[in-house]
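Below: start_33.cif (mmCIF, C-alpha atoms and all ligand atoms)
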```
data_target
#
loop_
_atom_site.label_atom_id
_atom_site.label_comp_id
_atom_site.auth_asym_id
_atom_site.auth_seq_id
_atom_site.Cartn_x
_atom_site.Cartn_y
_atom_site.Cartn_z
CA MET A 808 44.72 -45.97 11.92
CA PRO A 809 46.81 -47.35 14.79
CA LYS A 810 50.15 -48.85 13.87
CA LYS A 811 50.24 -52.62 14.07
CA ILE A 812 52.97 -54.55 15.88
CA LEU A 813 53.36 -58.30 15.53
CA PHE A 814 54.92 -59.55 18.75
CA ILE A 815 56.58 -62.97 18.42
CA GLU A 816 57.24 -64.11 21.98
CA ASP A 817 56.51 -67.41 23.69
CA ASP A 818 56.97 -66.25 27.29
CA GLU A 819 53.55 -65.07 28.44
CA GLY A 820 55.16 -62.97 31.18
CA PHE A 821 57.42 -60.97 28.90
CA PHE A 822 54.59 -60.63 26.40
CA ASN A 823 52.35 -59.13 29.07
CA ILE A 824 54.78 -56.61 30.51
CA PHE A 825 55.87 -55.36 27.09
CA SER A 826 52.49 -55.41 25.35
CA VAL A 827 50.59 -53.53 28.07
CA PRO A 828 52.53 -50.24 27.68
CA LEU A 829 52.41 -50.55 23.87
CA LYS A 830 48.63 -51.01 23.97
CA MET A 831 48.41 -48.06 26.35
CA LYS A 832 50.07 -45.90 23.71
CA GLY A 833 47.50 -47.03 21.16
CA TYR A 834 49.43 -49.64 19.22
CA ASP A 835 47.53 -52.59 17.82
CA ILE A 836 49.31 -55.71 19.12
CA VAL A 837 49.10 -59.15 17.51
CA HIS A 838 50.64 -62.00 19.49
CA VAL A 839 52.34 -65.09 18.05
CA SER A 840 53.99 -67.57 20.42
CA ASP A 841 55.27 -70.23 18.05
CA GLY A 842 58.23 -69.64 15.76
CA SER A 843 56.88 -71.95 13.08
CA LEU A 844 53.74 -69.81 12.68
CA ALA A 845 55.60 -66.50 12.62
CA VAL A 846 56.33 -66.06 8.92
CA GLU A 847 52.80 -66.75 7.70
CA LYS A 848 51.43 -64.39 10.38
CA VAL A 849 53.73 -61.57 9.22
CA ILE A 850 52.54 -62.14 5.66
CA SER A 851 48.85 -62.19 6.57
CA GLU A 852 48.89 -59.39 9.19
CA LYS A 853 51.23 -56.98 7.36
CA PRO A 854 52.43 -55.33 10.58
CA ASP A 855 54.28 -52.01 10.67
CA LEU A 856 56.88 -53.60 12.90
CA VAL A 857 57.81 -57.05 14.17
CA LEU A 858 59.18 -57.64 17.66
CA LEU A 859 61.02 -60.94 17.50
CA ASP A 860 62.37 -63.19 20.26
CA ILE A 861 65.15 -65.69 19.44
CA VAL A 862 64.54 -68.70 21.62
CA LEU A 863 61.13 -69.92 20.51
CA PRO A 864 59.34 -73.24 20.21
CA GLY A 865 59.15 -74.51 16.64
CA THR A 866 61.52 -72.31 14.67
CA SER A 867 64.24 -70.09 16.14
CA GLY A 868 63.82 -66.32 15.80
CA LEU A 869 67.01 -66.04 13.76
CA ASP A 870 65.62 -68.50 11.22
CA VAL A 871 62.34 -66.57 11.17
CA LEU A 872 64.28 -63.36 10.54
CA LYS A 873 66.25 -64.93 7.71
CA GLU A 874 63.13 -66.26 6.05
CA LEU A 875 61.35 -62.92 6.36
CA ARG A 876 64.29 -61.25 4.66
CA GLU A 877 64.33 -63.77 1.83
CA ARG A 878 60.66 -63.32 0.97
CA GLU A 879 59.53 -60.65 -1.39
CA GLU A 880 56.45 -59.71 0.70
CA THR A 881 58.38 -59.21 3.91
CA LYS A 882 61.92 -58.26 2.96
CA LEU A 883 61.38 -54.62 3.94
CA THR A 884 59.35 -55.20 7.12
CA LYS A 885 60.88 -53.51 10.20
CA ILE A 886 62.13 -56.15 12.58
CA VAL A 887 63.44 -55.50 16.08
CA MET A 888 64.93 -58.38 18.05
CA LEU A 889 63.77 -58.45 21.68
CA THR A 890 65.56 -61.27 23.43
CA ASN A 891 67.62 -62.62 26.31
CA PHE A 892 70.36 -64.21 24.32
CA GLY A 893 72.86 -61.46 23.66
CA SER A 894 75.77 -63.57 22.44
CA ASP A 895 78.02 -61.72 19.97
CA ASP A 896 77.29 -64.44 17.47
CA ASN A 897 73.52 -63.97 17.69
CA ILE A 898 73.75 -60.19 17.53
CA ALA A 899 76.08 -60.34 14.53
CA ARG A 900 73.82 -62.75 12.70
CA ALA A 901 70.68 -60.72 13.45
CA MET A 902 72.28 -57.52 12.19
CA GLU A 903 73.66 -59.30 9.13
CA TYR A 904 70.16 -60.52 8.30
CA GLY A 905 68.92 -56.93 8.55
CA ALA A 906 67.30 -56.51 11.96
CA SER A 907 66.75 -52.84 12.87
CA ASP A 908 68.05 -53.32 16.37
CA TYR A 909 68.78 -55.87 19.02
CA LEU A 910 67.16 -55.15 22.38
CA MET A 911 67.85 -57.12 25.54
CA LYS A 912 64.75 -57.83 27.63
CA TYR A 913 66.61 -57.21 30.87
CA ASN A 914 67.80 -53.78 29.76
CA ILE A 915 64.44 -52.46 28.67
CA VAL A 916 62.13 -50.84 31.18
CA PRO A 917 58.67 -51.79 29.84
CA SER A 918 57.32 -48.25 30.17
CA GLU A 919 60.14 -47.02 27.94
CA LEU A 920 59.54 -49.49 25.11
CA PRO A 921 56.83 -47.41 23.34
CA SER A 922 59.15 -44.44 22.76
CA LYS A 923 61.82 -46.75 21.36
CA ILE A 924 59.23 -48.30 19.04
CA ALA A 925 58.06 -44.88 17.94
CA GLY A 926 61.65 -44.13 17.02
CA PHE A 927 61.92 -47.27 14.90
CA LEU A 928 58.63 -46.56 13.17
CA GLY A 929 59.91 -43.09 12.29
CA GLU A 930 62.95 -44.71 10.75
CA THR A 931 60.71 -47.07 8.83
CA GLN A 932 59.19 -44.22 6.90
CA GLU A 933 62.63 -42.77 6.26
CA SER A 934 64.08 -46.00 4.96
CA VAL A 935 61.07 -46.69 2.77
CA VAL A 936 61.57 -43.26 1.23
CA LYS A 937 65.25 -44.03 0.71
CA VAL A 938 64.46 -47.34 -0.93
CA THR A 939 61.91 -45.86 -3.33
CA GLU A 940 64.24 -42.97 -4.20
CA SER A 941 67.18 -45.14 -5.19
CA MET G 1407 129.26 -121.76 68.11
CA GLN G 1408 128.71 -118.12 68.78
CA VAL G 1409 129.80 -117.27 65.23
CA TYR G 1410 127.35 -119.84 63.94
CA ILE G 1411 124.45 -118.23 65.86
CA LEU G 1412 125.55 -114.81 64.71
CA ASN G 1413 125.54 -116.02 61.10
CA ILE G 1414 122.04 -117.38 61.46
CA LEU G 1415 120.92 -114.13 63.03
CA VAL G 1416 122.39 -112.16 60.14
CA ILE G 1417 120.63 -114.43 57.62
CA VAL G 1418 117.33 -114.16 59.49
CA GLU G 1419 117.72 -110.44 59.67
CA SER G 1420 118.38 -110.15 55.94
CA ILE G 1421 115.36 -112.34 55.21
CA LEU G 1422 113.27 -110.12 57.45
CA LEU G 1423 114.65 -107.07 55.69
CA LEU G 1424 113.85 -108.63 52.34
CA ILE G 1425 110.30 -109.38 53.46
CA THR G 1426 109.75 -105.91 54.86
CA SER G 1427 111.12 -104.31 51.72
CA LEU G 1428 108.92 -106.60 49.61
CA ILE G 1429 105.91 -105.61 51.73
CA LEU G 1430 106.88 -101.99 51.54
CA PHE G 1431 107.37 -102.31 47.80
CA SER G 1432 103.95 -103.85 47.25
CA LYS G 1433 102.46 -101.21 49.58
CA THR G 1434 103.95 -98.42 47.48
CA ARG G 1435 102.63 -100.14 44.38
CA ASN G 1436 99.23 -100.18 46.03
CA LEU G 1437 99.78 -96.55 46.87
CA THR G 1438 100.55 -95.62 43.28
CA ASN G 1439 97.42 -97.51 42.26
CA LEU G 1440 95.53 -95.64 44.92
CA LYS G 1441 96.98 -92.42 43.63
CA LYS G 1442 95.75 -93.35 40.17
CA TYR G 1443 92.26 -94.06 41.50
CA GLU G 1444 92.29 -90.79 43.35
CA GLU G 1445 93.35 -88.92 40.24
CA ALA G 1446 90.65 -90.60 38.18
CA LEU G 1447 88.09 -89.71 40.83
CA ILE G 1448 89.24 -86.11 40.95
CA ASN G 1449 89.11 -85.94 37.15
CA ALA G 1450 85.59 -87.37 37.10
CA GLN G 1451 84.54 -84.89 39.75
CA ALA G 1452 86.11 -82.03 37.83
CA GLU G 1453 84.31 -83.18 34.70
CA GLN G 1454 81.00 -83.31 36.55
CA GLN G 1455 81.73 -79.89 38.05
CA ALA G 1456 82.54 -78.47 34.62
CA LYS G 1457 79.28 -79.89 33.29
CA GLU G 1458 77.38 -78.31 36.15
CA ASN G 1459 79.17 -75.01 35.63
CA ASP G 1460 78.02 -75.09 32.01
CA PHE G 1461 74.46 -75.50 33.16
CA PHE G 1462 74.69 -72.92 35.87
CA PRO G 1463 74.18 -69.84 33.64
CA MET G 1464 71.16 -71.57 32.10
CA LEU G 1465 69.66 -72.18 35.51
CA VAL G 1466 70.26 -68.60 36.62
CA HIS G 1467 68.72 -67.53 33.37
CA GLU G 1468 65.59 -69.52 34.15
CA LEU G 1469 65.39 -67.77 37.51
CA ARG G 1470 66.08 -64.35 36.11
CA ALA G 1471 63.26 -64.41 33.57
CA PRO G 1472 60.33 -64.54 36.04
CA LEU G 1473 62.12 -62.10 38.34
CA SER G 1474 62.48 -59.49 35.65
CA VAL G 1475 58.86 -60.01 34.62
CA ILE G 1476 57.79 -59.34 38.21
CA GLN G 1477 59.94 -56.24 38.35
CA GLY G 1478 58.60 -54.99 35.01
CA ALA G 1479 54.98 -55.56 35.99
CA ALA G 1480 55.40 -53.87 39.37
CA ASP G 1481 57.16 -50.95 37.71
CA LEU G 1482 54.29 -50.46 35.28
CA LEU G 1483 51.70 -50.68 38.04
CA ILE G 1484 53.50 -48.00 40.03
CA LYS G 1485 54.38 -45.65 37.16
CA SER G 1486 51.25 -45.89 35.05
CA THR G 1487 48.52 -46.35 37.65
CA GLU G 1488 46.41 -43.59 36.07
CA ASP G 1489 46.65 -44.82 32.48
CA LEU G 1490 46.02 -48.53 33.02
CA ASN G 1491 42.52 -49.89 32.61
CA ALA G 1492 41.05 -52.49 34.94
CA GLU G 1493 41.82 -55.35 32.59
CA GLN G 1494 45.46 -54.33 32.20
CA ILE G 1495 45.86 -54.00 35.96
CA HIS G 1496 44.45 -57.47 36.35
CA THR G 1497 46.78 -58.86 33.68
CA LEU G 1498 49.82 -57.40 35.41
CA LEU G 1499 48.82 -58.46 38.92
CA ASN G 1500 48.01 -61.94 37.71
CA GLN G 1501 51.36 -62.08 35.94
CA ILE G 1502 53.16 -61.18 39.15
CA LYS G 1503 51.38 -64.05 40.85
CA ILE G 1504 52.20 -66.54 38.08
CA SER G 1505 55.85 -65.52 37.84
CA SER G 1506 56.39 -65.64 41.59
CA SER G 1507 54.86 -69.10 41.79
CA SER G 1508 57.12 -70.39 39.05
CA LEU G 1509 60.10 -68.78 40.74
CA LEU G 1510 59.19 -70.40 44.05
CA GLU G 1511 58.72 -73.73 42.35
CA MET G 1512 62.17 -73.54 40.76
CA VAL G 1513 63.82 -72.54 44.02
CA GLY G 1514 62.01 -75.47 45.69
CA GLU G 1515 63.37 -77.83 43.04
CA ILE G 1516 66.92 -76.59 43.53
CA LEU G 1517 66.58 -77.05 47.30
CA ASP G 1518 65.18 -80.56 46.86
CA VAL G 1519 68.07 -81.58 44.65
CA SER G 1520 70.66 -80.19 47.04
CA LYS G 1521 69.00 -82.06 49.93
CA MET G 1522 69.02 -85.26 47.88
CA GLU G 1523 72.68 -84.82 47.08
CA GLY G 1524 73.53 -84.17 50.70
CA GLY G 1525 71.59 -87.28 51.80
CA LYS G 1526 69.20 -85.07 53.77
CA PHE G 1527 66.06 -85.61 51.73
CA GLN G 1528 63.13 -86.93 53.75
CA ILE G 1529 59.60 -88.01 52.99
CA ASN G 1530 56.54 -87.95 55.25
CA LYS G 1531 54.53 -91.09 54.77
CA THR G 1532 50.87 -91.34 55.61
CA TYR G 1533 48.50 -94.25 55.09
CA GLY G 1534 46.11 -93.64 52.22
CA SER G 1535 44.91 -94.35 48.71
CA ILE G 1536 47.26 -93.62 45.83
CA GLU G 1537 44.30 -93.72 43.44
CA ASP G 1538 42.92 -90.55 45.01
CA VAL G 1539 46.23 -88.83 44.32
CA LEU G 1540 46.26 -90.12 40.74
CA LYS G 1541 42.71 -88.95 40.12
CA GLU G 1542 43.42 -85.53 41.56
CA GLN G 1543 46.58 -84.98 39.50
CA CYS G 1544 44.99 -86.28 36.35
CA SER G 1545 41.98 -83.98 36.56
CA TYR G 1546 44.31 -81.10 37.38
CA PHE G 1547 46.06 -81.60 34.04
CA GLU G 1548 42.96 -82.22 31.91
CA PRO G 1549 42.40 -78.54 31.02
CA VAL G 1550 46.12 -78.05 30.26
CA ALA G 1551 46.07 -81.04 27.92
CA LYS G 1552 42.95 -79.71 26.25
CA VAL G 1553 44.63 -76.38 25.50
CA ARG G 1554 47.59 -78.24 23.99
CA LYS G 1555 45.17 -80.37 21.94
CA VAL G 1556 46.35 -83.57 23.57
CA THR G 1557 44.03 -86.18 25.04
CA LEU G 1558 44.74 -87.33 28.56
CA SER G 1559 43.16 -90.54 29.84
CA CYS G 1560 43.21 -91.12 33.55
CA PRO G 1561 43.49 -94.58 35.07
CA LYS G 1562 40.45 -96.71 35.64
CA LEU G 1563 40.09 -97.48 39.30
CA GLU G 1564 41.68 -100.83 40.03
CA ASP G 1565 40.91 -100.99 43.74
CA LEU G 1566 44.55 -100.74 44.67
CA PRO G 1567 45.11 -101.41 48.36
CA SER G 1568 45.84 -98.49 50.67
CA PHE G 1569 49.41 -98.21 51.92
CA SER G 1570 51.94 -95.73 53.31
CA PHE G 1571 53.44 -93.12 51.03
CA ASP G 1572 54.07 -89.38 50.94
CA PRO G 1573 51.07 -87.99 49.01
CA GLU G 1574 52.58 -84.55 48.39
CA ARG G 1575 55.79 -86.03 47.02
CA ILE G 1576 54.01 -88.63 44.87
CA LYS G 1577 51.91 -85.77 43.50
CA GLN G 1578 55.15 -84.02 42.60
CA VAL G 1579 56.37 -87.11 40.70
CA LEU G 1580 53.08 -87.38 38.79
CA ASN G 1581 53.11 -83.67 38.18
CA ASN G 1582 56.44 -83.79 36.46
CA LEU G 1583 55.76 -86.96 34.48
CA ILE G 1584 52.38 -85.70 33.23
CA SER G 1585 53.64 -82.20 32.46
CA ASN G 1586 56.61 -83.70 30.60
CA ALA G 1587 54.27 -85.98 28.64
CA ILE G 1588 52.16 -82.97 27.65
CA LYS G 1589 55.22 -80.81 26.93
CA PHE G 1590 56.79 -83.43 24.67
CA SER G 1591 53.58 -84.40 22.85
CA LEU G 1592 52.55 -83.10 19.48
CA GLU G 1593 49.17 -81.64 18.69
CA GLY G 1594 46.60 -84.45 18.48
CA GLY G 1595 48.73 -86.73 20.66
CA SER G 1596 47.42 -88.86 23.46
CA ILE G 1597 48.62 -89.63 26.95
CA VAL G 1598 47.50 -92.66 28.92
CA ILE G 1599 48.05 -93.11 32.63
CA THR G 1600 47.67 -96.57 34.13
CA SER G 1601 48.07 -97.98 37.59
CA LYS G 1602 48.12 -101.56 38.73
CA LYS G 1603 49.24 -103.87 41.49
CA ASP G 1604 52.39 -105.74 40.53
CA TYR G 1605 53.44 -108.30 43.18
CA GLY G 1606 54.39 -106.25 46.24
CA PHE G 1607 54.36 -102.98 44.34
CA VAL G 1608 52.05 -100.51 42.66
CA ARG G 1609 53.19 -99.78 39.15
CA ILE G 1610 52.24 -96.50 37.54
CA GLU G 1611 52.86 -95.71 33.89
CA VAL G 1612 52.62 -92.41 32.07
CA VAL G 1613 52.63 -93.19 28.36
CA ASP G 1614 52.73 -90.66 25.54
CA ASN G 1615 53.07 -90.87 21.76
CA GLY G 1616 55.10 -87.68 21.48
CA VAL G 1617 58.68 -86.93 20.42
CA GLY G 1618 60.20 -89.82 22.39
CA VAL G 1619 63.69 -90.12 23.87
CA ALA G 1620 66.74 -91.04 21.78
CA ASP G 1621 68.65 -94.12 23.00
CA LYS G 1622 71.78 -92.07 23.61
CA ASP G 1623 69.83 -89.72 25.91
CA LYS G 1624 68.15 -92.41 28.01
CA PRO G 1625 70.99 -92.80 30.54
CA LEU G 1626 71.20 -89.00 30.91
CA LEU G 1627 67.52 -88.22 31.53
CA PHE G 1628 67.65 -88.74 35.27
CA GLN G 1629 70.75 -86.57 35.66
CA LYS G 1630 70.73 -83.02 36.91
CA PHE G 1631 69.95 -80.31 34.35
CA PHE G 1632 69.79 -82.68 31.41
CA GLN G 1633 67.47 -81.56 28.64
CA ALA G 1634 67.52 -83.31 25.31
CA SER G 1635 67.43 -80.77 22.55
CA ASN G 1636 68.05 -80.80 18.85
CA HIS G 1637 68.70 -77.10 18.39
CA LYS G 1638 70.13 -74.55 20.78
CA ASP G 1639 67.67 -71.80 19.87
CA ILE G 1640 64.58 -73.98 20.06
CA LYS G 1641 62.88 -73.66 23.38
CA GLU G 1642 62.76 -76.44 25.92
CA LYS G 1643 61.18 -74.93 28.98
CA GLY G 1644 62.19 -75.96 32.45
CA THR G 1645 65.26 -76.46 34.58
CA GLY G 1646 65.94 -80.12 33.85
CA LEU G 1647 65.56 -81.03 37.51
CA GLY G 1648 62.11 -82.64 37.39
CA LEU G 1649 63.20 -86.21 36.71
CA VAL G 1650 66.12 -86.06 39.17
CA ILE G 1651 63.66 -85.14 41.88
CA ALA G 1652 61.14 -87.74 40.74
CA LYS G 1653 63.88 -90.38 40.99
CA GLY G 1654 64.90 -89.16 44.46
CA ILE G 1655 61.29 -89.30 45.68
CA VAL G 1656 60.57 -92.74 44.22
CA GLU G 1657 63.82 -94.15 45.62
CA ALA G 1658 63.13 -92.67 49.04
CA HIS G 1659 59.97 -94.81 48.99
CA GLY G 1660 62.03 -97.87 48.06
CA GLY G 1661 60.76 -97.88 44.48
CA LYS G 1662 62.25 -97.57 41.01
CA ILE G 1663 61.68 -95.26 38.05
CA TRP G 1664 62.75 -95.72 34.44
CA VAL G 1665 61.93 -94.93 30.85
CA GLU G 1666 61.01 -97.23 27.96
CA ASP G 1667 60.11 -96.63 24.35
CA ASN G 1668 56.45 -96.58 23.51
CA LYS G 1669 55.86 -98.42 20.25
CA PRO G 1670 55.62 -97.07 17.60
CA LYS G 1671 56.17 -93.54 18.93
CA GLY G 1672 56.78 -91.69 22.18
CA SER G 1673 57.89 -92.79 25.61
CA LYS G 1674 56.73 -94.59 28.72
CA PHE G 1675 57.79 -93.39 32.14
CA ILE G 1676 57.22 -96.11 34.71
CA PHE G 1677 57.61 -96.09 38.47
CA THR G 1678 56.94 -98.57 41.22
CA ILE G 1679 56.30 -98.02 44.91
CA PRO G 1680 56.39 -100.93 47.40
CA LEU G 1681 53.09 -101.67 49.13
CA ARG G 1682 54.00 -101.51 52.78
N1 LIG M 1 57.68 -87.63 27.98
C1 LIG M 1 58.86 -87.25 27.45
N2 LIG M 1 59.09 -87.37 26.11
C2 LIG M 1 60.27 -86.99 25.57
N3 LIG M 1 61.31 -86.46 26.29
C3 LIG M 1 61.14 -86.32 27.61
C4 LIG M 1 59.92 -86.71 28.27
N4 LIG M 1 60.06 -86.45 29.59
C5 LIG M 1 61.30 -85.93 29.75
N5 LIG M 1 61.95 -85.86 28.58
C6 LIG M 1 63.33 -85.34 28.36
O1 LIG M 1 64.01 -85.36 29.60
C7 LIG M 1 64.48 -84.06 29.92
C8 LIG M 1 64.51 -83.87 31.41
O2 LIG M 1 63.19 -83.86 31.95
P1 LIG M 1 62.95 -83.16 33.36
O3 LIG M 1 61.53 -83.35 33.75
O4 LIG M 1 64.00 -83.62 34.30
O5 LIG M 1 63.27 -81.65 33.06
P2 LIG M 1 62.39 -80.55 32.32
O6 LIG M 1 60.99 -81.04 32.15
O7 LIG M 1 63.14 -80.15 31.11
O8 LIG M 1 62.44 -79.37 33.37
P3 LIG M 1 61.64 -79.28 34.78
O9 LIG M 1 60.85 -80.55 34.94
O10 LIG M 1 62.70 -79.12 35.79
O11 LIG M 1 60.80 -78.09 34.62
C9 LIG M 1 63.53 -83.12 29.19
O12 LIG M 1 64.08 -81.86 28.99
C10 LIG M 1 63.32 -83.90 27.90
O13 LIG M 1 64.40 -83.70 27.02
MG MG M 2 59.83 -81.81 33.69
#
```

Go ahead and express the file in the form of structure tokens.
Amino acid sequence: MPKKILFIEDDEGFFNIFSVPLKMKGYDIVHVSDGSLAVEKVISEKPDLVLLDIVLPGTSGLDVLKELREREETKLTKIVMLTNFGSDDNIARAMEYGASDYLMKYNIVPSELPSKIAGFLGETQESVVKVTES
Amino acid sequence: MQVYILNILVIVESILLLITSLILFSKTRNLTNLKKYEEALINAQAEQQAKENDFFPMLVHELRAPLSVIQGAADLLIKSTEDLNAEQIHTLLNQIKISSSSLLEMVGEILDVSKMEGGKFQINKTYGSIEDVLKEQCSYFEPVAKVRKVTLSCPKLEDLPSFSFDPERIKQVLNNLISNAIKFSLEGGSIVITSKKDYGFVRIEVVDNGVGVADKDKPLLFQKFFQASNHKDIKEKGTGLGLVIAKGIVEAHGGKIWVEDNKPKGSKFIFTIPLR
């Protein structure tokens, strides 16, 4: 079964350049472009990983992240921030809320995103094991 | 006798001196006032500059996004030619086209504003029917409105007289007003465009029942870069130049543009163009 990625991004352009290489590597991509629909989509789609932008229409990505962490169904879901707004404040808040990483769109070459994602998904299994062990 | 004349001369001279010093004194007072005005002006300019500097990173940001999308898409097309299927190639090529157009549009807006500020903005008037322009712009936006689940009603033809105006520039005004109305409407909203003859003017209204404009923001709307927003992380797309340009274009035609509340909800953007 291909791994599923829920990609929360309102900019069609960024969505296209990042989703094409992921699809090429066989990931199943689900697109959400409105922050206010994000949480319910994560709950219904049960993705292996969420790619989350910060500046979104509806609800900001940081608020989405916080809500995902507060909910029982989604508190362990892997979440990677993929955004333009790299202020220290935003990064600190995202990490505090338990994001796996904070990627800057301008620093990521699209063709290199799949290997990064593979890395995170590897970690997912590890951390799930850790959680169930303790 | 001579002493007498000399005395008078001395008195006259002192009076003259007094007058000149009084004049000089008032002049310097004027000068200090002038200095104050100058300082106030410089402060206001500095304030404006500071405001613009605040917006500058945001503007550059808006330019950088489509550029990096173009770069990313081109990079994928070059590196992964073998692995991409026809649909993906089409998606990426199409994206390059869309992003370059939006980039060009933004650069055009920045140029327009700088021309307006430098007093070098010009329009090219031709004699024609403004209703044709209205119809064209309205049908252009119909599919966009449909996607956003907003209804858009175009003006009924009123048989407005033909007159001289710059059709491309008036299109640009309508473009921005209609796209704003769609952008700031909620799902299920409706937008109504009307046109009518109003004494020596045509009066065009773009009315929506969307989020509306707060009273405190109304004087700021037609200023460079202004975007009303309730939350810094909630997206408001655009550069905030659209209404500045619309105002410049309408005023270059000798018309006016302003905003009013739409009761009970939303806003009305109204502009007039003289019939001549
Ligand atoms: N119909 C509307 N309803 C509510 N607010 C509006 C409406 N039209 C404009 N505004 C407010 O005025 C601001 C400035 O509008 P303007 O068209 O100048 O810029 P923009 O649409 O944000 O960007 P641009 O047009 O340059 O892409 C908007 O950001 C919005 O806050
Ligand atoms: Mg606009």

Next on the checklist: Rounded to one decimal, what separation in Å do you get between atom CA of G:Ser1505 and atom CA of G:Ser1474?
Outcome noted: 9.2 Å

Checklist entry - Please, which residues of chain A lie no more than 8 Å from chain G when the count uses only C-alpha atoms, and can they be set out as a list in words? => result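 That gives Gly820, Phe821, Asn823, Ile824, Val827, Pro828, Met831, Ile861, Val862, Leu863, Pro864, Gly865, Thr866, Ser867, Gly868, Tyr913, Val916, Pro917 and Ser918 of chain A for chain A.
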
Given the selection you just returned, output its residues as a file containing C-alpha atoms, formatted as an mmCIF file, keeping the file's coordinate frame.
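After the write, result_33.cif holds the following:
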```cif
data_model
loop_
_atom_site.group_PDB
_atom_site.id
_atom_site.type_symbol
_atom_site.label_atom_id
_atom_site.label_comp_id
_atom_site.auth_asym_id
_atom_site.auth_seq_id
_atom_site.Cartn_x
_atom_site.Cartn_y
_atom_site.Cartn_z
ATOM 1 C CA GLY A 820 55.160 -62.970 31.180
ATOM 2 C CA PHE A 821 57.420 -60.970 28.900
ATOM 3 C CA ASN A 823 52.350 -59.130 29.070
ATOM 4 C CA ILE A 824 54.780 -56.610 30.510
ATOM 5 C CA VAL A 827 50.590 -53.530 28.070
ATOM 6 C CA PRO A 828 52.530 -50.240 27.680
ATOM 7 C CA MET A 831 48.410 -48.060 26.350
ATOM 8 C CA ILE A 861 65.150 -65.690 19.440
ATOM 9 C CA VAL A 862 64.540 -68.700 21.620
ATOM 10 C CA LEU A 863 61.130 -69.920 20.510
ATOM 11 C CA PRO A 864 59.340 -73.240 20.210
ATOM 12 C CA GLY A 865 59.150 -74.510 16.640
ATOM 13 C CA THR A 866 61.520 -72.310 14.670
ATOM 14 C CA SER A 867 64.240 -70.090 16.140
ATOM 15 C CA GLY A 868 63.820 -66.320 15.800
ATOM 16 C CA TYR A 913 66.610 -57.210 30.870
ATOM 17 C CA VAL A 916 62.130 -50.840 31.180
ATOM 18 C CA PRO A 917 58.670 -51.790 29.840
ATOM 19 C CA SER A 918 57.320 -48.250 30.170
#
```

Next on the checklist: 8 Å from ligand MG 2 (chain M) is the threshold here; counting only C-alpha atoms and all ligand atoms, which polymer residues fall inside it? Answer as a VMD selection string.
Outcome noted: chain G and resid 1582 to 1583 1585 to 1586 1644 to 1649

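Counting all atoms listed in the file and comparing G:Ser1601, G:Thr1557, G:Asn1530, G:Ser1508, the residue that lies closest to ligand LIG 1 (chain M) is G:Ser1508.
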
With 5 Å of padding per side, what axis-aligned box (centre and edge lengths, Å, one decimal) covers all the listed atoms of ligand LIG 1 (chain M)? Give it as AutoDock Vina command-line options.
```
--center_x 61.1 --center_y -82.9 --center_z 30.7 --size_x 16.8 --size_y 19.5 --size_z 20.2
```

Using only C-alpha atoms and all ligand atoms, what are the residues with an atom within 8 Å of ligand LIG 1 (chain M), set out as a short mmCIF file (atom, residue, chain, number, x, y, z; two decimals) with C-alpha atoms, keeping the file's coordinate frame?
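New file result-v4.cif:
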```
data_model
loop_
_atom_site.label_atom_id
_atom_site.label_comp_id
_atom_site.auth_asym_id
_atom_site.auth_seq_id
_atom_site.Cartn_x
_atom_site.Cartn_y
_atom_site.Cartn_z
CA MET G 1512 62.17 -73.54 40.76
CA GLU G 1515 63.37 -77.83 43.04
CA ASN G 1582 56.44 -83.79 36.46
CA LEU G 1583 55.76 -86.96 34.48
CA ILE G 1584 52.38 -85.70 33.23
CA SER G 1585 53.64 -82.20 32.46
CA ASN G 1586 56.61 -83.70 30.60
CA ALA G 1587 54.27 -85.98 28.64
CA ILE G 1588 52.16 -82.97 27.65
CA LYS G 1589 55.22 -80.81 26.93
CA PHE G 1590 56.79 -83.43 24.67
CA SER G 1591 53.58 -84.40 22.85
CA VAL G 1613 52.63 -93.19 28.36
CA ASP G 1614 52.73 -90.66 25.54
CA GLY G 1616 55.10 -87.68 21.48
CA VAL G 1617 58.68 -86.93 20.42
CA GLY G 1618 60.20 -89.82 22.39
CA VAL G 1619 63.69 -90.12 23.87
CA LEU G 1627 67.52 -88.22 31.53
CA PHE G 1628 67.65 -88.74 35.27
CA GLN G 1629 70.75 -86.57 35.66
CA LYS G 1630 70.73 -83.02 36.91
CA PHE G 1631 69.95 -80.31 34.35
CA PHE G 1632 69.79 -82.68 31.41
CA GLN G 1633 67.47 -81.56 28.64
CA ALA G 1634 67.52 -83.31 25.31
CA SER G 1635 67.43 -80.77 22.55
CA GLU G 1642 62.76 -76.44 25.92
CA LYS G 1643 61.18 -74.93 28.98
CA GLY G 1644 62.19 -75.96 32.45
CA THR G 1645 65.26 -76.46 34.58
CA GLY G 1646 65.94 -80.12 33.85
CA LEU G 1647 65.56 -81.03 37.51
CA GLY G 1648 62.11 -82.64 37.39
CA LEU G 1649 63.20 -86.21 36.71
CA VAL G 1650 66.12 -86.06 39.17
CA ILE G 1651 63.66 -85.14 41.88
CA GLY G 1672 56.78 -91.69 22.18
CA SER G 1673 57.89 -92.79 25.61
CA LYS G 1674 56.73 -94.59 28.72
CA PHE G 1675 57.79 -93.39 32.14
#
```

Next on the checklist: At a cut-off of 10 Å, using only C-alpha atoms, what residues contact A:Leu869? Leave out same-chain residues fewer than 2 positions from it and give the result as a list of chain:residue names.
Outcome noted: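 Result of the neighbour search: A:Gly842, A:Leu859, A:Asp860, A:Ile861, A:Val862, A:Leu863, A:Thr866, A:Ser867, A:Val871, A:Leu872, A:Lys873, A:Glu874, A:Leu875, A:Met888, A:Asn897, A:Ile898, A:Arg900, A:Ala901, A:Tyr904, A:Ala906, G:Asp1639.
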